[in-house]
Amino acid sequence: MQIAKIGEAILRTPARKVSHDEFSQAPLIGFCDDLLATMLAANGIGIAATQVFDPRAIMIIASRPNARYPHAPTMEPLLLINPEVLARSDEQVWEWEGCLSVPALRGRIARSDWVEVSYQTIHGEAQQQRFVGFVARVFLHEYDHLIGLTWLDHIKSTQDIMAESVWLTALEQGRL
Ligand SMILES: [Zn+2]
């Protein structure tokens, strides 16, 4: 699947809910399989349906350790349909993020340290879960895509934006 890049209208369009009669059906299952494959092929740790030009409220999160977060938990990719934020911490954590739809840039933004969410499985079953730390950040990043936002909308200072290549060098040199 092609990944929408910033400037595409779909990335500014709030997603629509997956409807009752779509659950457990082959088209939805096939789409979610393709969405996962697209995320893995792009070496992503999360993806939202709007990033592949689909208007539905579907996302996948898949935390794993990386250079910036060596202690990030490794999790099986988790599919969340019609996710909602029930509660989030007032305490905010500043960190650098990248995005498949904002190529070659990194931005430093604040996000809640934990988040309590509801969502539905591919069979329409209601779930509730609390995500903490890095996983909460990944969730909130993907959730943003479903409400028409990207990390660029959270930037407080242009000094918090770096070219990815510069960011990687700074990271290797321990300057971040
Ligand atoms: Zn993104």
# chains A, B, ... in the order shown; residues from 1 in each chain; ligands from 1
>>> residues_near_ligand(ligand="ligand 1", cutoff="8 Å", atoms="only C-alpha atoms and all ligand atoms", output="mmCIF file with N, CA and C atoms, in the first residue's frame")
data_model
loop_
_atom_site.group_PDB
_atom_site.id
_atom_site.type_symbol
_atom_site.label_atom_id
_atom_site.label_comp_id
_atom_site.auth_asym_id
_atom_site.auth_seq_id
_atom_site.Cartn_x
_atom_site.Cartn_y
_atom_site.Cartn_z
ATOM 1 N N GLY A 46 4.184 1.499 14.162
ATOM 2 C CA GLY A 46 2.768 1.806 14.246
ATOM 3 C C GLY A 46 2.315 2.351 12.906
ATOM 4 N N ILE A 47 1.017 2.240 12.650
ATOM 5 C CA ILE A 47 0.471 2.787 11.400
ATOM 6 C C ILE A 47 -1.029 2.985 11.587
ATOM 7 N N ALA A 48 -1.562 3.967 10.891
ATOM 8 C CA ALA A 48 -2.998 4.234 10.936
ATOM 9 C C ALA A 48 -3.554 4.122 9.518
ATOM 10 N N GLN A 51 -3.152 6.727 6.909
ATOM 11 C CA GLN A 51 -1.823 6.832 6.281
ATOM 12 C C GLN A 51 -1.720 6.040 4.987
ATOM 13 N N GLY A 98 9.331 10.294 14.968
ATOM 14 C CA GLY A 98 9.331 10.335 13.518
ATOM 15 C C GLY A 98 8.011 9.785 13.028
ATOM 16 N N CYS A 99 7.782 9.878 11.728
ATOM 17 C CA CYS A 99 6.501 9.438 11.171
ATOM 18 C C CYS A 99 6.703 9.039 9.718
ATOM 19 N N LEU A 100 6.097 7.918 9.325
ATOM 20 C CA LEU A 100 6.205 7.457 7.936
ATOM 21 C C LEU A 100 5.626 8.493 6.966
ATOM 22 N N SER A 101 4.697 9.317 7.462
ATOM 23 C CA SER A 101 4.053 10.316 6.603
ATOM 24 C C SER A 101 4.767 11.667 6.615
ATOM 25 N N VAL A 102 5.782 11.789 7.445
ATOM 26 C CA VAL A 102 6.580 13.026 7.520
ATOM 27 C C VAL A 102 8.036 12.626 7.312
ATOM 28 N N HIS A 141 0.433 8.768 19.047
ATOM 29 C CA HIS A 141 0.893 9.183 17.720
ATOM 30 C C HIS A 141 -0.076 8.660 16.644
ATOM 31 N N GLU A 142 -0.412 7.366 16.743
ATOM 32 C CA GLU A 142 -1.310 6.781 15.731
ATOM 33 C C GLU A 142 -2.725 7.313 15.881
ATOM 34 N N HIS A 145 -3.344 10.412 14.039
ATOM 35 C CA HIS A 145 -3.626 10.248 12.604
ATOM 36 C C HIS A 145 -5.128 10.047 12.364
ATOM 37 N N THR A 150 -0.824 15.327 13.046
ATOM 38 C CA THR A 150 0.484 14.669 13.044
ATOM 39 C C THR A 150 1.317 15.318 14.141
ATOM 40 N N TRP A 151 2.535 14.808 14.333
ATOM 41 C CA TRP A 151 3.377 15.395 15.387
ATOM 42 C C TRP A 151 3.685 16.864 15.103
#
>>> residues_around(residues="segment 152-166 of chain A", least_positions_apart="5", cutoff="7 Å", atoms="only C-alpha atoms", output="PyMOL selection string")
chain A and resi 104-109
>>> write_last_selection(atoms="N, CA and C atoms", output="mmCIF file, in the first residue's frame")
data_model
loop_
_atom_site.group_PDB
_atom_site.id
_atom_site.type_symbol
_atom_site.label_atom_id
_atom_site.label_comp_id
_atom_site.auth_asym_id
_atom_site.auth_seq_id
_atom_site.Cartn_x
_atom_site.Cartn_y
_atom_site.Cartn_z
ATOM 1 N N ALA A 104 11.942 11.973 6.637
ATOM 2 C CA ALA A 104 13.243 12.646 6.788
ATOM 3 C C ALA A 104 13.303 13.695 7.887
ATOM 4 N N LEU A 105 12.276 13.758 8.737
ATOM 5 C CA LEU A 105 12.282 14.720 9.842
ATOM 6 C C LEU A 105 12.036 14.022 11.173
ATOM 7 N N ARG A 106 12.520 14.656 12.225
ATOM 8 C CA ARG A 106 12.206 14.244 13.593
ATOM 9 C C ARG A 106 11.758 15.465 14.361
ATOM 10 N N GLY A 107 10.826 15.260 15.292
ATOM 11 C CA GLY A 107 10.343 16.378 16.085
ATOM 12 C C GLY A 107 10.244 16.001 17.547
ATOM 13 N N ARG A 108 10.486 16.972 18.404
ATOM 14 C CA ARG A 108 10.440 16.748 19.844
ATOM 15 C C ARG A 108 9.147 17.353 20.374
ATOM 16 N N ILE A 109 8.296 16.501 20.915
ATOM 17 C CA ILE A 109 6.992 16.963 21.396
ATOM 18 C C ILE A 109 6.668 16.333 22.743
#
>>> residues_around(residues="Asp90 of chain A", least_positions_apart="4", cutoff="12 Å", atoms="only C-alpha atoms", output="PyMOL selection string")
chain A and resi 110-115
>>> residues_around(residues="Ala37 of chain A", least_positions_apart="6", cutoff="10 Å", atoms="only C-alpha atoms", output="VMD selection string")
chain A and resid 1 31 43
